[in-house]
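Take a look at the structure set out below.
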2 protein chains.
Amino acid sequence: MVQFSQSVKFFRSSAVRDLMSVAIKPDVISFAGGMPGNELFPVSEMEELYAQLPLAEKQMAFQYGPTPGYPPLLDSLTDYLRRKGFPVDKNKLLITTGSLQAIYILTKIFIDPGNIIVTENPSFVGALSAFSSFQAALHSIPLRSDGIDCAMLESYLKSDEAQNVKFIYLTPNFHNPAGILYSRENRRKVAEIAGRFGVPVIEDDAYGELYFEKEMKELVTPLKVLYEDTCTICTVGSFSKIVGPGFRLGWMLVPPEIYKQAELCKQSIDACSPNFTQVLADAFLRSGKMEVYIEKLREIYRKRKNSMVAAIKRYFPEEVGWNDPQGGFYIWCSVPSSVNVIEVLQKCMEQGAIYVIGQTFDPDAKDTTHFRLSFSNTPEEKIEEGIRILGNVLKQSLKMEK
Amino acid sequence: MVQFSQSVKFFRSSAVRDLMSVAIKPDVISFAGGMPGNELFPVSEMEELYAQLPLAEKQMAFQYGPTPGYPPLLDSLTDYLRRKGFPVDKNKLLITTGSLQAIYILTKIFIDPGNIIVTENPSFVGALSAFSSFQAALHSIPLRSDGIDCAMLESYLKSDEAQNVKFIYLTPNFHNPAGILYSRENRRKVAEIAGRFGVPVIEDDAYGELYFEKEMKELVTPLKVLYEDTCTICTVGSFSKIVGPGFRLGWMLVPPEIYKQAELCKQSIDACSPNFTQVLADAFLRSGKMEVYIEKLREIYRKRKNSMVAAIKRYFPEEVGWNDPQGGFYIWCSVPSSVNVIEVLQKCMEQGAIYVIGQTFDPDAKDTTHFRLSFSNTPEEKIEEGIRILGNVLKQSLKMEK
């Protein structure tokens with residue numbers, strides 16, 4: 001018989017994936033997947049850019065690259081991050097096979113079985129599965145409308161158990177799934193606390209570019225830009241939301257001593273990230289077309305969010321709570337505990353609309369009163385129809401409870 | 001201070017990578033990298049195929065795919081493997097981010113710290129780094145000209161220590177770095193022994209397609225095809241050598257119970273392999289152009305190998321041993337223990353030729369009497385020049401010893 005390692009007992013499945021496969025059916029309105037709509041990808045821009053590349057660069061696209069990344073992309077991404085204020089000279093940049101791999105690598109270099117990771121509750125399901133695969137113990141701190149509960153964080157870090165905390169994992173910008181943005185004050189506090197207790201922060205900034213209004217630009221400034229000298233910060237970012245997830249490209253910007261281990265670790269996982277998509281991403285960045293494209297996305301996602309909010313106001317019963325996000329992909333909803341969120345989802349699926357239940361994003365897998373709606377990959381005209389279905393099922397469910 | 005996990009102490013750097021970065025200098029003749037020559041990639045074929053794809057498929061290339069792989073590629077690769085005799089119906093196929101990731105995933109699901117992996121000596125440096133990153137203990141068995149030493153394998157598996165062996169890692173076809181091909185008899189024996197002791201085999205078949213003569217076709221039949229019912233076999237394969245490493249695409253064909261854990265594991269590492277290159281690889285496979293392309297590669301690599309063998313015969317001192325491979329990328333050379341292989345490499349680098357020393361491929365990192373020459377990414381006209389340099393340095397080194 002085949003004997004598996006201890007770690008397989010800790011593997012955590014992502015229910016999102018199963019729902020995403022349902023989403024492939026064209027007749028289902030999906031608010032499930034945390035991904036851009038297929039119709040939004042810069043297909044023709046990319047085709048044009050590739051066609052113009054010299055043959056030598058096209059050939060490089062087929063070849064192995066250095067583990068840290070395709071050198072021209074490292075250069076162009078460094079310039080891009082420098083313009084955003086990131087401390088690129090004091091840190092090192094590593095291109096990863098998606099930002100999940102960046103999180104996975106950092107977990108591998110920091111976590112032995114039983115070590116503790118502090119997460120938000122709710123938290124990104126991909127990160128939770130990476131953490132669990134290393135047999136980490138998760139201690140989750142509730143998320144408020146302006147960020148993590150800093151009083152609870154501080155109180156926990158004072159406890160004896162917290163000696164065993166290896167890092168704090170945070171998503172300050174347009175949180176997945178909670179949709180919130182950390183306030184300036186919360187950013188300052190959390191960095192100060194992490195610095196005081198000497199705990200590194202992994203900052204996940206997959207959504208920071210996707211604010212809806214120009215005035216927001218200042219408010220999404222990453223911790224790494226603001227508090228580099230206050231605590232140890234490893235920032236991970238992604239091309240998935242601003243080019244396409246199919247490129248499988250992300251990055252980490254980390255202090256040199258962490259980079260050194262991360263690079264060795266990546267050598268053992270997949271040797272290097274795909275050069276083919278790195279060549280394309282580099283061409284996109286250098287052309288200046290990426291910034292134009294992101295501007296277009298902001299406008300589209302703002303409209304989709306507005307459509308969803310308008311439909312929620314129209315169709316959701318008042319007992320259902322929700323937030324109005326200022327960027328990103330998600331609206332996070334809460335229902336009274338009398339509502340069975342799994343039954344509601346099943347009825348919605350029968351009627352042609354899907355989303356993801358809160359349990360998926362709960363580090364303790366206990367949540368029964370939330371669900372996540374993604375507006376990113378559904379055209380405006382379908383959003384109202386899907387929210388109408390969901391609203392009616394929720395109303396029925398609440399009525400039955402009375 | 002940052003505290004790292006135990007595993008970082010076991011990270012193993014691949015010296016090959018550093019040499020590959022030297023190889024980027026155009027004036028150095030490199031026999032170092034185990035990669036196709038840039039000029040060989042099917043750049044125009046792929047551009048043509050992509051241009052012909054319907055828009056919906058191009059859009060899918062930018063999107064997340066299911067963790068097991070882009071469904072059309074899973075189908076086309078299944079057909080391809082079925083034609084080669086693989087038991088595709090009794091097993092499950094998982095597309096991975098390069099075949100190294102397949103090896104890494106299998107290591108993660110089988111190995112706890114201190115568990116033993118039996119490897120060949122020498123062995124693929126990427127696999128060794130994956131194994132070490134999980135704190136595996138490596139027990140290496142010498143490789144002979146017809147495969148692993150089966151008597152030593154059997155004797156070791158009888159020992160008490162071997163209770164702790166979790167799998168055997170083998171490369172029966174055109175071994176990296178040893179260049180050898182397992183004989184039919186050695187294949188039979190090793191499968192029989194693995195089955196008798198109940199130890200799974202990880203079979204790495206990255207090079208099986210690259211035989212030089214048509215008559216070889218039967219001799220490269222993988223263990224998985226021949227001995228599926230004799231022992232548990234996980235076969236890993238790669239698109240790196242038959243399309244391009246920059247695609248970062250590999251696969252594993254494994255029993256369903258192993259697949260289940262491997263798929264969950266992959267979810268935690270990078271969620272899915274790059275859809276962009278999966279769409280391209282699928283188009284390449286379906287078009288029938290891949291088989292034509294591989295045929296062309298066989299011819300080119302055969303010529304390059306012949307050039308290298310001719311130059312070795314001409315320039316190497318007779319004290320240097322080497323093999324004449326029937327496929328793959330590599331010639332494995334041995335020198336008398338009086339020769340300092342590191343000094344020889346340094347002198348060669350000064351004179352404009354590089355390769356990789358044997359220590360890199362030794363699980364115990366002790367080898368001082370071998371080096372690996374790769375003929376795959378050097379045009380014929382440069383091969384003679386590089387081997388002349390190496391031959392002269394070797395002659396000098398041997399003379400100095402006398």
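Every chain in the structure tokens takes a letter, A first, then B, and so on in the order presented; its residues are numbered from 1, and the ligands are numbered from 1 following the presented order.
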
Output the coordinates of chain B after least-squares fitting to chain A on all in-order C-alpha pairs, as a compact mmCIF listing (two decimals) with C-alpha atoms, in the first residue's frame.
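Saved result, part13.txt, follows:
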# COMPACT_ATOMS: atom_id res chain seq x y z
CA MET B 1 -0.08 0.02 -0.01
CA VAL B 2 1.01 3.56 -0.69
CA GLN B 3 1.96 5.53 2.44
CA PHE B 4 1.59 9.27 2.30
CA SER B 5 3.44 11.97 4.23
CA GLN B 6 1.96 13.70 7.26
CA SER B 7 1.26 16.82 5.22
CA VAL B 8 -1.48 15.21 3.09
CA LYS B 9 -3.64 15.08 6.22
CA PHE B 10 -3.56 18.86 6.23
CA PHE B 11 -4.30 19.51 2.56
CA ARG B 12 -7.20 21.88 2.28
CA SER B 13 -9.39 21.83 -0.79
CA SER B 14 -10.59 25.04 -2.29
CA ALA B 15 -14.31 24.82 -2.87
CA VAL B 16 -13.99 27.86 -5.13
CA ARG B 17 -12.41 25.67 -7.74
CA ASP B 18 -15.41 23.36 -7.90
CA LEU B 19 -17.72 26.31 -8.28
CA MET B 20 -15.51 27.75 -10.97
CA SER B 21 -15.93 24.58 -12.97
CA VAL B 22 -19.71 24.99 -12.69
CA ALA B 23 -19.25 28.53 -13.93
CA ILE B 24 -18.03 27.18 -17.25
CA LYS B 25 -21.65 26.36 -18.15
CA PRO B 26 -22.69 29.40 -20.13
CA ASP B 27 -26.23 29.56 -18.77
CA VAL B 28 -25.22 29.92 -15.12
CA ILE B 29 -24.67 33.45 -13.81
CA SER B 30 -21.52 33.16 -11.77
CA PHE B 31 -20.52 35.44 -8.94
CA ALA B 32 -18.16 32.69 -7.78
CA GLY B 33 -14.77 33.00 -9.45
CA GLY B 34 -12.31 35.65 -8.33
CA MET B 35 -11.18 36.27 -11.87
CA PRO B 36 -11.46 38.80 -14.68
CA GLY B 37 -14.13 38.24 -17.29
CA ASN B 38 -12.79 36.48 -20.40
CA GLU B 39 -14.03 39.29 -22.61
CA LEU B 40 -11.79 41.80 -20.77
CA PHE B 41 -8.39 40.28 -21.53
CA PRO B 42 -5.98 42.33 -23.69
CA VAL B 43 -5.91 39.65 -26.40
CA SER B 44 -5.33 41.85 -29.44
CA GLU B 45 -2.88 44.18 -27.66
CA MET B 46 -0.77 41.19 -26.65
CA GLU B 47 -0.90 39.64 -30.12
CA GLU B 48 0.31 42.90 -31.64
CA LEU B 49 3.13 43.26 -29.11
CA TYR B 50 4.30 39.69 -29.63
CA ALA B 51 4.29 40.06 -33.41
CA GLN B 52 6.63 43.06 -33.10
CA LEU B 53 9.22 41.29 -30.94
CA PRO B 54 12.55 40.42 -32.53
CA LEU B 55 13.08 36.71 -33.27
CA ALA B 56 15.73 36.39 -30.53
CA GLU B 57 13.21 37.52 -27.93
CA LYS B 58 10.56 35.13 -29.22
CA GLN B 59 13.11 32.34 -28.95
CA MET B 60 13.88 33.35 -25.37
CA ALA B 61 10.17 32.95 -24.65
CA PHE B 62 10.57 29.20 -25.33
CA GLN B 63 13.72 28.85 -23.20
CA TYR B 64 14.49 28.37 -19.51
CA GLY B 65 15.09 31.63 -17.70
CA PRO B 66 17.02 32.39 -14.53
CA THR B 67 15.17 31.37 -11.35
CA PRO B 68 14.61 34.97 -10.14
CA GLY B 69 12.82 35.90 -13.38
CA TYR B 70 13.30 36.92 -17.02
CA PRO B 71 15.87 39.75 -16.63
CA PRO B 72 14.06 42.33 -18.80
CA LEU B 73 10.85 41.75 -16.82
CA LEU B 74 12.72 42.10 -13.53
CA ASP B 75 13.96 45.46 -14.84
CA SER B 76 10.62 46.71 -16.13
CA LEU B 77 8.74 45.54 -13.03
CA THR B 78 11.37 47.13 -10.78
CA ASP B 79 10.84 50.44 -12.58
CA TYR B 80 7.09 50.06 -12.24
CA LEU B 81 7.30 49.33 -8.50
CA ARG B 82 9.81 52.16 -7.99
CA ARG B 83 7.31 54.60 -9.51
CA LYS B 84 4.77 53.36 -6.97
CA GLY B 85 7.18 54.17 -4.15
CA PHE B 86 8.32 50.65 -3.29
CA PRO B 87 11.77 50.41 -1.67
CA VAL B 88 13.16 48.40 -4.60
CA ASP B 89 16.81 49.15 -3.83
CA LYS B 90 16.79 47.88 -0.25
CA ASN B 91 14.88 44.74 -1.25
CA LYS B 92 15.03 42.03 -3.91
CA LEU B 93 12.42 41.09 -6.46
CA LEU B 94 11.56 37.49 -7.36
CA ILE B 95 9.13 36.59 -10.15
CA THR B 96 6.91 33.67 -9.16
CA THR B 97 4.48 31.33 -10.89
CA GLY B 98 1.47 33.35 -9.73
CA SER B 99 1.30 35.22 -6.42
CA LEU B 100 0.04 32.05 -4.73
CA GLN B 101 3.47 30.54 -5.37
CA ALA B 102 5.04 33.57 -3.68
CA ILE B 103 2.87 32.92 -0.60
CA TYR B 104 3.66 29.20 -0.78
CA ILE B 105 7.42 29.82 -0.96
CA LEU B 106 7.36 32.23 1.99
CA THR B 107 5.40 29.64 3.96
CA LYS B 108 7.92 26.95 3.12
CA ILE B 109 10.86 29.05 4.28
CA PHE B 110 9.18 30.21 7.50
CA ILE B 111 6.99 27.37 8.73
CA ASP B 112 7.72 24.10 10.50
CA PRO B 113 4.79 21.88 11.49
CA GLY B 114 2.87 23.42 14.40
CA ASN B 115 4.21 26.96 13.89
CA ILE B 116 1.51 29.61 13.99
CA ILE B 117 0.42 31.96 11.22
CA VAL B 118 -1.82 34.89 12.13
CA THR B 119 -4.43 35.51 9.45
CA GLU B 120 -7.39 37.75 9.02
CA ASN B 121 -10.83 36.15 9.31
CA PRO B 122 -12.02 35.82 6.57
CA SER B 123 -8.91 35.20 4.47
CA PHE B 124 -7.83 34.23 0.92
CA VAL B 125 -8.55 30.52 0.42
CA GLY B 126 -5.43 29.94 -1.70
CA ALA B 127 -3.18 31.23 1.08
CA LEU B 128 -5.03 29.09 3.63
CA SER B 129 -4.39 25.99 1.53
CA ALA B 130 -0.68 26.86 1.21
CA PHE B 131 -0.42 27.44 4.97
CA SER B 132 -2.21 24.19 5.82
CA SER B 133 -0.04 22.15 3.48
CA PHE B 134 2.90 22.96 5.78
CA GLN B 135 0.93 21.89 8.86
CA ALA B 136 0.80 25.44 10.16
CA ALA B 137 -1.57 26.27 12.99
CA LEU B 138 -3.74 29.22 12.02
CA HIS B 139 -4.78 31.88 14.47
CA SER B 140 -7.34 34.18 12.90
CA ILE B 141 -8.20 37.72 13.95
CA PRO B 142 -11.52 39.28 12.88
CA LEU B 143 -11.56 41.81 10.10
CA ARG B 144 -13.44 45.06 10.67
CA SER B 145 -14.61 47.53 8.04
CA ASP B 146 -11.31 49.45 8.33
CA GLY B 147 -8.94 46.47 8.65
CA ILE B 148 -7.82 43.80 11.07
CA ASP B 149 -8.88 44.21 14.72
CA CYS B 150 -5.64 45.67 16.07
CA ALA B 151 -6.61 45.38 19.72
CA MET B 152 -7.19 41.65 19.32
CA LEU B 153 -3.98 41.29 17.31
CA GLU B 154 -1.95 43.01 19.99
CA SER B 155 -3.57 41.07 22.78
CA TYR B 156 -2.90 37.78 21.01
CA LEU B 157 0.73 38.62 20.29
CA LYS B 158 1.21 39.24 24.02
CA SER B 159 0.10 35.67 24.83
CA ASP B 160 2.59 32.88 25.51
CA GLU B 161 1.33 30.85 22.59
CA ALA B 162 2.24 33.70 20.25
CA GLN B 163 5.97 33.00 20.75
CA ASN B 164 5.34 30.48 18.03
CA VAL B 165 3.92 32.96 15.48
CA LYS B 166 6.11 33.10 12.36
CA PHE B 167 4.26 35.73 10.36
CA ILE B 168 1.06 37.71 9.90
CA TYR B 169 -0.71 37.43 6.54
CA LEU B 170 -2.67 40.53 5.49
CA THR B 171 -4.49 41.85 2.41
CA PRO B 172 -4.85 45.58 3.09
CA ASN B 173 -6.23 46.51 -0.36
CA PHE B 174 -9.71 45.39 -1.46
CA HIS B 175 -9.63 42.26 0.58
CA ASN B 176 -10.54 38.86 -0.84
CA PRO B 177 -13.25 37.98 0.19
CA ALA B 178 -14.20 40.88 2.47
CA GLY B 179 -13.87 43.66 -0.12
CA ILE B 180 -12.61 46.14 2.49
CA LEU B 181 -9.73 48.61 2.39
CA TYR B 182 -7.49 49.10 5.44
CA SER B 183 -7.65 52.69 6.71
CA ARG B 184 -4.45 54.72 6.98
CA GLU B 185 -4.71 54.48 10.75
CA ASN B 186 -5.12 50.70 10.70
CA ARG B 187 -2.11 50.36 8.40
CA ARG B 188 -0.01 52.41 10.80
CA LYS B 189 -1.17 50.44 13.82
CA VAL B 190 -0.68 47.00 12.36
CA ALA B 191 2.85 47.86 11.17
CA GLU B 192 3.70 49.29 14.57
CA ILE B 193 2.43 46.19 16.37
CA ALA B 194 4.22 43.79 14.00
CA GLY B 195 7.43 45.76 14.46
CA ARG B 196 7.12 45.88 18.23
CA PHE B 197 6.61 42.11 18.48
CA GLY B 198 9.20 41.35 15.79
CA VAL B 199 6.78 39.39 13.63
CA PRO B 200 7.19 39.63 9.81
CA VAL B 201 4.20 40.66 7.73
CA ILE B 202 3.25 39.06 4.42
CA GLU B 203 1.34 41.74 2.57
CA ASP B 204 -0.79 40.45 -0.33
CA ASP B 205 -1.41 43.26 -2.80
CA ALA B 206 -3.14 41.43 -5.66
CA TYR B 207 -5.90 44.04 -5.96
CA GLY B 208 -4.26 47.39 -5.09
CA GLU B 209 -4.32 48.66 -8.68
CA LEU B 210 -8.05 48.15 -9.00
CA TYR B 211 -9.45 51.19 -7.16
CA PHE B 212 -12.58 52.68 -8.71
CA GLU B 213 -11.94 56.40 -8.24
CA LYS B 214 -8.76 58.39 -8.91
CA GLU B 215 -8.93 59.93 -5.44
CA MET B 216 -8.39 56.47 -3.96
CA LYS B 217 -4.88 56.25 -5.35
CA GLU B 218 -3.26 57.52 -2.15
CA LEU B 219 -5.34 55.27 0.08
CA VAL B 220 -4.09 52.03 -1.49
CA THR B 221 -0.42 52.76 -0.69
CA PRO B 222 1.00 49.40 0.44
CA LEU B 223 2.48 48.83 3.90
CA LYS B 224 5.81 48.13 2.22
CA VAL B 225 5.87 51.68 0.83
CA LEU B 226 4.75 53.30 4.09
CA TYR B 227 6.36 51.22 6.82
CA GLU B 228 9.50 49.59 5.41
CA ASP B 229 11.50 50.71 8.44
CA THR B 230 8.84 49.83 11.03
CA CYS B 231 8.66 46.07 10.54
CA THR B 232 9.80 43.27 8.20
CA ILE B 233 7.42 43.25 5.23
CA CYS B 234 7.27 40.73 2.38
CA THR B 235 4.95 42.09 -0.30
CA VAL B 236 3.49 39.72 -2.88
CA GLY B 237 1.78 40.89 -6.04
CA SER B 238 0.19 39.41 -9.11
CA PHE B 239 -0.25 39.89 -12.84
CA SER B 240 -3.46 37.83 -12.63
CA LYS B 241 -5.79 40.72 -12.05
CA ILE B 242 -4.06 43.24 -14.33
CA VAL B 243 -3.03 41.06 -17.32
CA GLY B 244 -4.45 37.57 -16.90
CA PRO B 245 -4.32 34.65 -14.45
CA GLY B 246 -3.42 32.30 -17.32
CA PHE B 247 0.02 33.92 -17.40
CA ARG B 248 0.72 32.47 -13.92
CA LEU B 249 2.91 35.40 -12.96
CA GLY B 250 3.31 37.00 -9.59
CA TRP B 251 6.18 38.45 -7.59
CA MET B 252 7.56 39.05 -4.15
CA LEU B 253 9.55 42.05 -2.99
CA VAL B 254 11.45 41.01 0.14
CA PRO B 255 14.57 41.77 2.20
CA PRO B 256 17.77 40.20 0.76
CA GLU B 257 18.15 37.54 3.47
CA ILE B 258 14.62 36.28 2.78
CA TYR B 259 15.11 36.51 -0.98
CA LYS B 260 18.15 34.27 -0.77
CA GLN B 261 16.14 31.41 0.76
CA ALA B 262 13.12 32.09 -1.46
CA GLU B 263 15.18 31.81 -4.61
CA LEU B 264 16.74 28.51 -3.51
CA CYS B 265 13.27 27.30 -2.61
CA LYS B 266 11.89 28.22 -6.03
CA GLN B 267 14.73 26.31 -7.69
CA SER B 268 13.41 23.15 -6.04
CA ILE B 269 9.76 23.76 -7.00
CA ASP B 270 9.76 24.65 -10.70
CA ALA B 271 13.21 26.08 -11.51
CA CYS B 272 11.78 29.24 -13.08
CA SER B 273 8.49 30.92 -13.94
CA PRO B 274 7.16 30.58 -17.51
CA ASN B 275 9.44 32.60 -19.78
CA PHE B 276 6.78 32.73 -22.49
CA THR B 277 4.37 34.78 -20.43
CA GLN B 278 7.23 36.74 -18.81
CA VAL B 279 8.31 37.92 -22.27
CA LEU B 280 4.71 38.98 -22.99
CA ALA B 281 4.24 40.69 -19.62
CA ASP B 282 7.51 42.56 -20.10
CA ALA B 283 6.45 43.78 -23.55
CA PHE B 284 3.10 44.86 -22.10
CA LEU B 285 4.76 46.80 -19.27
CA ARG B 286 7.37 48.47 -21.50
CA SER B 287 4.81 49.50 -24.11
CA GLY B 288 2.92 51.57 -21.55
CA LYS B 289 -0.20 49.67 -22.62
CA MET B 290 -0.59 48.03 -19.25
CA GLU B 291 -1.35 51.31 -17.50
CA VAL B 292 -3.91 52.19 -20.17
CA TYR B 293 -5.44 48.74 -19.82
CA ILE B 294 -5.65 48.96 -16.01
CA GLU B 295 -7.39 52.32 -16.37
CA LYS B 296 -9.98 50.62 -18.59
CA LEU B 297 -10.42 47.80 -16.07
CA ARG B 298 -11.04 50.28 -13.23
CA GLU B 299 -13.87 51.82 -15.21
CA ILE B 300 -15.43 48.46 -16.12
CA TYR B 301 -15.19 47.03 -12.61
CA ARG B 302 -16.58 50.25 -11.14
CA LYS B 303 -19.63 49.92 -13.39
CA ARG B 304 -20.08 46.26 -12.57
CA LYS B 305 -19.80 47.00 -8.86
CA ASN B 306 -22.37 49.78 -9.21
CA SER B 307 -24.74 47.45 -11.05
CA MET B 308 -24.38 44.86 -8.33
CA VAL B 309 -24.92 47.39 -5.53
CA ALA B 310 -27.99 48.76 -7.30
CA ALA B 311 -29.40 45.25 -7.74
CA ILE B 312 -28.64 44.34 -4.13
CA LYS B 313 -30.50 47.43 -2.94
CA ARG B 314 -33.42 46.43 -5.10
CA TYR B 315 -33.65 42.70 -4.47
CA PHE B 316 -31.96 41.77 -1.18
CA PRO B 317 -34.06 41.59 1.98
CA GLU B 318 -33.00 44.16 4.56
CA GLU B 319 -31.82 41.44 6.95
CA VAL B 320 -28.86 40.78 4.64
CA GLY B 321 -25.75 42.86 5.32
CA TRP B 322 -23.22 43.85 2.65
CA ASN B 323 -20.48 46.38 1.95
CA ASP B 324 -19.98 48.79 -0.93
CA PRO B 325 -16.33 48.25 -1.97
CA GLN B 326 -14.11 51.00 -3.37
CA GLY B 327 -12.10 48.63 -5.52
CA GLY B 328 -11.28 45.01 -6.24
CA PHE B 329 -13.67 42.21 -7.16
CA TYR B 330 -15.83 41.42 -4.13
CA ILE B 331 -18.88 42.20 -2.05
CA TRP B 332 -19.05 40.32 1.24
CA CYS B 333 -22.54 39.60 2.53
CA SER B 334 -23.86 38.49 5.91
CA VAL B 335 -27.11 36.76 6.77
CA PRO B 336 -28.89 36.12 10.08
CA SER B 337 -27.84 32.83 11.67
CA SER B 338 -31.32 31.44 10.99
CA VAL B 339 -30.50 31.28 7.27
CA ASN B 340 -28.89 28.08 5.98
CA VAL B 341 -26.31 29.44 3.53
CA ILE B 342 -25.66 26.04 1.95
CA GLU B 343 -29.36 25.50 1.22
CA VAL B 344 -29.59 29.01 -0.21
CA LEU B 345 -26.63 28.30 -2.49
CA GLN B 346 -28.17 25.02 -3.65
CA LYS B 347 -31.44 26.72 -4.53
CA CYS B 348 -29.61 29.50 -6.33
CA MET B 349 -27.62 26.95 -8.36
CA GLU B 350 -30.86 25.25 -9.39
CA GLN B 351 -32.17 28.63 -10.52
CA GLY B 352 -28.99 29.56 -12.37
CA ALA B 353 -26.80 31.72 -10.09
CA ILE B 354 -23.74 30.80 -8.05
CA TYR B 355 -21.29 32.37 -5.60
CA VAL B 356 -19.09 31.14 -2.73
CA ILE B 357 -20.11 30.53 0.88
CA GLY B 358 -18.18 32.08 3.75
CA GLN B 359 -16.93 28.82 5.22
CA THR B 360 -14.44 28.60 2.35
CA PHE B 361 -12.65 31.71 3.59
CA ASP B 362 -12.77 31.00 7.30
CA PRO B 363 -9.39 29.77 8.58
CA ASP B 364 -11.38 27.69 11.09
CA ALA B 365 -13.90 26.59 8.41
CA LYS B 366 -16.81 27.36 10.76
CA ASP B 367 -18.47 30.40 9.20
CA THR B 368 -22.18 29.88 8.44
CA THR B 369 -23.38 33.45 8.02
CA HIS B 370 -21.49 34.95 5.07
CA PHE B 371 -21.10 34.60 1.35
CA ARG B 372 -18.89 36.26 -1.27
CA LEU B 373 -20.16 37.83 -4.46
CA SER B 374 -17.68 38.56 -7.21
CA PHE B 375 -18.73 41.15 -9.78
CA SER B 376 -15.52 40.98 -11.82
CA ASN B 377 -16.44 38.38 -14.40
CA THR B 378 -20.12 39.05 -15.05
CA PRO B 379 -21.31 41.62 -17.59
CA GLU B 380 -23.56 44.34 -16.16
CA GLU B 381 -26.72 43.10 -17.89
CA LYS B 382 -26.41 39.69 -16.21
CA ILE B 383 -25.61 41.01 -12.77
CA GLU B 384 -29.14 42.22 -12.07
CA GLU B 385 -30.65 38.90 -13.15
CA GLY B 386 -28.31 36.92 -10.88
CA ILE B 387 -28.85 39.16 -7.87
CA ARG B 388 -32.62 38.96 -8.42
CA ILE B 389 -32.42 35.15 -8.20
CA LEU B 390 -30.28 35.32 -5.08
CA GLY B 391 -32.48 38.00 -3.49
CA ASN B 392 -35.63 35.92 -4.02
CA VAL B 393 -34.06 32.79 -2.58
CA LEU B 394 -32.86 34.76 0.44
CA LYS B 395 -36.33 36.25 0.96
CA GLN B 396 -37.93 32.81 0.80
CA SER B 397 -35.39 31.43 3.23
CA LEU B 398 -36.03 34.25 5.70
CA LYS B 399 -39.80 33.84 5.35
CA MET B 400 -39.59 30.11 6.05
CA GLU B 401 -37.73 30.85 9.26
CA LYS B 402 -40.47 33.10 10.55

Name the residues of range 84-306 of chain B that come out as helix (DSSP H, G or I) in a backbone DSSP run; write them as a VMD selection string. chain B and resid 99 to 110 125 to 133 150 to 158 161 to 164 184 to 197 214 to 220 223 to 226 245 to 247 256 to 269 275 to 287 289 to 306
